[in-house]
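Engineer: This is the content of run29.txt (compact mmCIF, C-alpha atoms):
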```
# COMPACT_ATOMS: atom_id res chain seq x y z
CA MET A 1 187.76 124.77 59.68
CA LEU A 2 188.30 123.35 56.19
CA ASN A 3 185.90 120.79 54.84
CA TYR A 4 187.19 117.31 54.18
CA SER A 5 185.76 114.45 52.17
CA THR A 6 184.07 111.50 53.86
CA SER A 7 186.96 109.29 52.73
CA GLU A 8 189.57 111.65 54.19
CA GLU A 9 187.72 111.79 57.50
CA ASN A 10 187.46 107.98 57.62
CA TYR A 11 191.22 107.71 57.11
CA ILE A 12 191.96 110.29 59.81
CA LYS A 13 189.71 108.54 62.34
CA ALA A 14 191.19 105.12 61.53
CA ILE A 15 194.76 106.40 61.95
CA PHE A 16 193.85 107.97 65.29
CA HIS A 17 192.51 104.68 66.67
CA LEU A 18 195.38 102.57 65.29
CA GLN A 19 198.13 104.83 66.60
CA GLN A 20 196.67 104.67 70.13
CA ALA A 21 197.75 101.03 70.24
CA ASP A 22 200.76 100.86 67.93
CA GLY A 23 202.31 104.32 67.72
CA ASN A 24 203.20 104.75 64.07
CA VAL A 25 200.75 103.19 61.64
CA THR A 26 201.82 101.15 58.60
CA THR A 27 200.23 101.14 55.18
CA ASN A 28 199.22 97.49 55.54
CA GLU A 29 197.63 98.08 58.96
CA LEU A 30 195.52 100.93 57.62
CA ALA A 31 194.59 98.99 54.48
CA ALA A 32 193.38 96.09 56.64
CA GLU A 33 191.43 98.41 58.94
CA LEU A 34 189.65 100.17 56.08
CA LYS A 35 189.37 97.05 53.88
CA THR A 36 191.14 98.67 50.97
CA LYS A 37 194.34 98.18 48.94
CA PRO A 38 197.75 99.40 50.13
CA ALA A 39 198.09 101.42 46.90
CA SER A 40 194.91 103.33 47.78
CA VAL A 41 196.32 104.06 51.25
CA THR A 42 199.54 105.39 49.73
CA ASP A 43 197.59 107.74 47.45
CA MET A 44 195.51 109.04 50.35
CA MET A 45 198.57 109.53 52.56
CA LYS A 46 200.06 111.81 49.91
CA LYS A 47 196.90 113.94 49.99
CA LEU A 48 196.78 114.07 53.78
CA LYS A 49 200.47 114.91 53.99
CA THR A 50 199.95 117.78 51.54
CA LYS A 51 197.15 119.04 53.80
CA LYS A 52 199.55 118.72 56.79
CA LEU A 53 197.32 116.22 58.58
CA VAL A 54 199.90 113.39 58.83
CA HIS A 55 203.63 112.98 59.38
CA TYR A 56 205.36 110.32 57.29
CA ARG A 57 208.85 108.82 57.46
CA ALA A 58 209.95 106.13 55.06
CA TYR A 59 210.05 102.69 56.73
CA HIS A 60 208.64 104.18 59.95
CA GLY A 61 205.01 104.52 58.93
CA PHE A 62 202.91 107.59 59.62
CA ARG A 63 200.99 109.28 62.39
CA LEU A 64 198.70 112.26 62.75
CA SER A 65 200.03 115.80 63.02
CA ALA A 66 198.62 118.18 65.61
CA ASP A 67 196.05 119.36 63.05
CA GLY A 68 195.24 115.75 62.15
CA THR A 69 194.69 114.85 65.80
CA LYS A 70 192.43 117.88 66.25
CA LEU A 71 190.35 116.81 63.25
CA ALA A 72 190.17 113.20 64.50
CA LEU A 73 188.80 114.33 67.87
CA ILE A 74 186.18 116.49 66.14
CA ILE A 75 185.02 113.49 64.07
CA ILE A 76 185.01 111.21 67.13
CA ARG A 77 183.05 113.82 69.08
CA ARG A 78 180.39 113.92 66.35
CA HIS A 79 180.23 110.12 66.13
CA ARG A 80 179.87 109.49 69.85
CA LEU A 81 177.31 112.26 70.37
CA TRP A 82 175.19 110.83 67.55
CA GLU A 83 175.49 107.37 69.10
CA PHE A 84 174.28 108.74 72.42
CA PHE A 85 171.39 110.55 70.73
CA LEU A 86 170.35 107.45 68.77
CA ALA A 87 170.44 105.24 71.86
CA GLU A 88 168.94 107.61 74.42
CA LYS A 89 166.42 109.58 72.37
CA LEU A 90 165.49 107.31 69.46
CA LYS A 91 165.93 104.04 71.39
CA PHE A 92 168.21 102.34 68.90
CA SER A 93 169.86 99.24 70.38
CA TRP A 94 173.56 99.62 71.16
CA GLU A 95 174.52 97.22 68.34
CA GLU A 96 172.67 99.44 65.85
CA VAL A 97 173.97 102.90 66.72
CA HIS A 98 177.51 102.56 65.35
CA ALA A 99 176.57 101.99 61.72
CA VAL A 100 174.10 104.89 61.68
CA ALA A 101 176.56 107.21 63.43
CA GLU A 102 179.18 106.35 60.78
CA ASP A 103 177.05 108.35 58.32
CA LEU A 104 176.00 111.13 60.68
CA GLU A 105 179.57 111.83 61.85
CA HIS A 106 180.33 113.50 58.51
CA VAL A 107 177.81 116.31 59.10
CA SER A 108 180.39 119.01 59.74
CA SER A 109 178.32 121.84 61.27
CA LYS A 110 180.02 122.74 64.56
CA LYS A 111 176.94 124.71 65.63
CA LEU A 112 174.73 121.64 65.10
CA ILE A 113 177.07 119.38 67.11
CA ASP A 114 177.40 121.90 69.96
CA LYS A 115 173.60 122.26 70.06
CA LEU A 116 173.26 118.47 70.06
CA ASP A 117 175.70 118.25 72.98
CA GLU A 118 173.69 120.84 74.90
CA PHE A 119 170.39 119.11 74.06
CA LEU A 120 171.77 115.85 75.46
CA SER A 121 172.97 117.63 78.67
CA PHE A 122 176.66 117.22 77.79
CA PRO A 123 177.10 113.42 78.11
CA ARG A 124 180.61 112.28 78.96
CA PHE A 125 180.40 108.75 77.53
CA ASP A 126 178.71 107.12 74.55
CA PRO A 127 176.52 103.97 74.82
CA HIS A 128 179.60 101.72 74.64
CA GLY A 129 181.44 103.55 77.42
CA ASP A 130 183.82 105.47 75.17
CA PRO A 131 184.55 109.04 76.36
CA ILE A 132 183.08 111.87 74.27
CA PRO A 133 185.54 114.71 73.52
CA ASP A 134 184.28 118.10 74.63
CA SER A 135 184.00 121.14 72.34
CA ASN A 136 187.70 121.90 72.94
CA GLY A 137 188.80 118.39 72.00
CA LYS A 138 189.57 117.35 75.57
CA ILE A 139 188.85 113.70 76.22
CA GLU A 140 188.30 112.19 79.66
CA THR A 141 190.33 109.24 80.79
CA SER A 142 189.24 107.03 83.65
CA LYS A 143 190.80 104.13 85.50
CA GLN A 144 189.20 100.85 84.53
CA VAL A 145 190.28 97.22 84.56
CA CYS A 146 189.72 94.31 82.23
CA LEU A 147 187.31 91.76 83.70
CA GLN A 148 190.09 89.16 83.54
CA ASP A 149 192.07 91.28 86.03
CA LEU A 150 189.19 92.14 88.35
CA PRO A 151 189.75 90.81 91.89
CA LEU A 152 187.38 88.04 92.95
CA ASN A 153 184.21 89.05 94.81
CA LYS A 154 184.79 92.74 94.07
CA LEU A 155 181.64 94.61 93.05
CA ALA A 156 182.34 96.55 89.86
CA MET A 157 180.42 98.40 87.18
CA VAL A 158 180.89 97.74 83.47
CA SER A 159 182.25 100.95 81.92
CA HIS A 160 183.59 100.05 78.47
CA VAL A 161 183.42 97.40 75.74
CA SER A 162 186.46 97.32 73.45
CA ASP A 163 185.05 95.10 70.68
CA GLN A 164 181.97 96.92 69.43
CA SER A 165 181.09 94.60 66.57
CA LYS A 166 177.44 93.72 66.10
CA GLU A 167 178.18 90.09 67.01
CA MET A 168 179.90 91.04 70.27
CA LEU A 169 177.14 93.44 71.32
CA GLU A 170 174.46 90.87 70.52
CA LEU A 171 176.28 88.35 72.73
CA LEU A 172 176.56 90.86 75.58
CA GLY A 173 172.86 91.62 75.21
CA HIS A 174 172.08 87.92 75.44
CA LYS A 175 174.17 87.71 78.62
CA LYS A 176 172.37 90.82 79.96
CA ILE A 177 175.66 92.72 80.25
CA GLY A 178 175.76 96.41 79.32
CA ILE A 179 177.35 99.71 80.31
CA GLY A 180 176.43 100.29 83.96
CA THR A 181 175.84 96.60 84.74
CA LYS A 182 177.08 95.77 88.25
CA LEU A 183 178.75 92.41 88.67
CA GLU A 184 181.30 90.36 90.58
CA VAL A 185 183.75 87.74 89.38
CA LYS A 186 183.17 84.70 91.59
CA ARG A 187 185.62 82.20 90.05
CA LYS A 188 188.32 82.01 87.39
CA PHE A 189 188.94 78.64 85.77
CA ASN A 190 192.60 78.03 84.96
CA PHE A 191 191.79 75.45 82.31
CA ASP A 192 190.51 78.01 79.79
CA ASN A 193 190.52 81.30 81.77
CA SER A 194 186.74 81.47 81.61
CA LEU A 195 185.00 83.35 84.41
CA GLU A 196 181.99 82.71 86.59
CA ILE A 197 180.30 86.05 87.20
CA LYS A 198 177.37 87.20 89.28
CA ILE A 199 175.26 90.03 87.88
CA ARG A 200 173.66 92.24 90.50
CA GLN A 201 170.18 93.52 89.72
CA PRO A 202 169.69 97.32 89.88
CA ARG A 203 166.69 97.04 92.20
CA ARG A 204 166.56 95.14 95.44
CA THR A 205 163.05 93.98 94.59
CA SER A 206 164.45 92.06 91.60
CA PRO A 207 166.07 88.76 92.57
CA ASP A 208 169.67 88.26 91.47
CA GLN A 209 170.11 85.76 88.67
CA PRO A 210 172.23 82.63 89.11
CA PRO A 211 175.93 83.03 88.25
CA ILE A 212 176.85 82.66 84.57
CA ASN A 213 180.04 81.62 82.79
CA ILE A 214 181.68 83.79 80.18
CA SER A 215 184.65 82.93 77.95
CA GLU A 216 188.12 84.46 78.13
CA GLN A 217 187.55 86.04 74.70
CA LEU A 218 184.40 87.78 75.93
CA SER A 219 185.83 88.89 79.27
CA ASN A 220 188.93 90.37 77.60
CA ASN A 221 186.66 92.88 75.87
CA ILE A 222 184.79 93.99 79.00
CA PHE A 223 186.20 96.71 81.27
CA ALA A 224 184.87 97.83 84.63
CA LYS A 225 185.40 100.41 87.38
CA TYR A 226 185.47 99.61 91.07
CA ASP A 227 186.32 101.24 94.37
CA GLU A 228 189.70 100.12 95.65
```
Write out the structure in this file as structure tokens.
Structural biologist:
Amino acid sequence: MLNYSTSEENYIKAIFHLQQADGNVTTNELAAELKTKPASVTDMMKKLKTKKLVHYRAYHGFRLSADGTKLALIIIRRHRLWEFFLAEKLKFSWEEVHAVAEDLEHVSSKKLIDKLDEFLSFPRFDPHGDPIPDSNGKIETSKQVCLQDLPLNKLAMVSHVSDQSKEMLELLGHKKIGIGTKLEVKRKFNFDNSLEIKIRQPRRTSPDQPPINISEQLSNNIFAKYDE
């Protein structure tokens, strides 16, 4: 595989994430995501188009080509494996791992990443619940529901957090909510759509804590799996 600059890889990864939600990506959307100027985005798009990593149509925005998507999944695989390593082996907190993995994801040795995957026993999800692409670029999808849509009194397990900012993860840590946390929604308040939730302790010897309230903004970023 060809080597790409850190900047090119950052653009490719950003386009991949943006097009999951919006389809084609606009210059202004990408500039806002990467905190850069639209003119800089335009220049980079010309380079990536020359390298056949993006498709571009005037007034329709751009999206990744097959080669661009393959590269994006390789970068995401590196990032999420490094996050898992940092959290599980070096005991970084989950709000710390993202920034460090942003640097490590640009180490392009496939042999190193495959060895890291093997060393970690082939994890399927990173510390935030995002699926880790395998060595062939396949990415697992699983059925999960936003906490706002979880039926009342249904035991579920937190499986993903969509907003992975440091501030959000610190708040979740304060609320003692993390990937794998088991909980139930006991009440939903129509006034502001806040939720009363009950967190179930992992061990029966530990008493359950009293129910807590979480805001609509927080609950919209928490996803969980449950048996139907």
Engineer: Go through A:Arg77, A:Lys188, A:Lys46, A:Arg124 and flag the residue nearest A:Phe62, using all atoms listed in the file for the distances.
Structural biologist: A:Lys46
Engineer: Which of these residues is nearest to A:Ile132, using all atoms listed in the file: A:Glu167, A:Glu33, A:Glu96, A:Asp117?
Structural biologist: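 Result for the nearest residue to A:Ile132: A:Asp117.
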Engineer: Quick one: pull the distance between atom CA of A:Ser159 and atom CA of A:Leu172, Å, one decimal.
Structural biologist: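 It comes out at 13.2 Å.
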Engineer: Counting only C-alpha atoms, figure out which residue out of A:Asp22, A:Glu9, A:Glu102, A:Asp227 gets nearest to A:Val145.
Structural biologist: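 Closest to A:Val145, using only C-alpha atoms: A:Asp227.
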Engineer: Considering all atoms listed in the file, return as a PyMOL selection string whatever protein or nucleic-acid residues lie within 9 Å of A:Ile113, sequence-local ones (same chain, fewer than 6 positions apart) excluded.
Structural biologist: chain A and resi 77-78+81-82+107+135
Engineer: Keeping only C-alpha atoms, take the residues you just selected and write them out as a CSV table (one decimal), in the frame of the given file.
Structural biologist:
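Below is the file again21.csv, written as the result:
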```csv
chain,number,residue,atom,x,y,z
A,77,ARG,CA,183.0,113.8,69.1
A,78,ARG,CA,180.4,113.9,66.4
A,81,LEU,CA,177.3,112.3,70.4
A,82,TRP,CA,175.2,110.8,67.6
A,107,VAL,CA,177.8,116.3,59.1
A,135,SER,CA,184.0,121.1,72.3
```
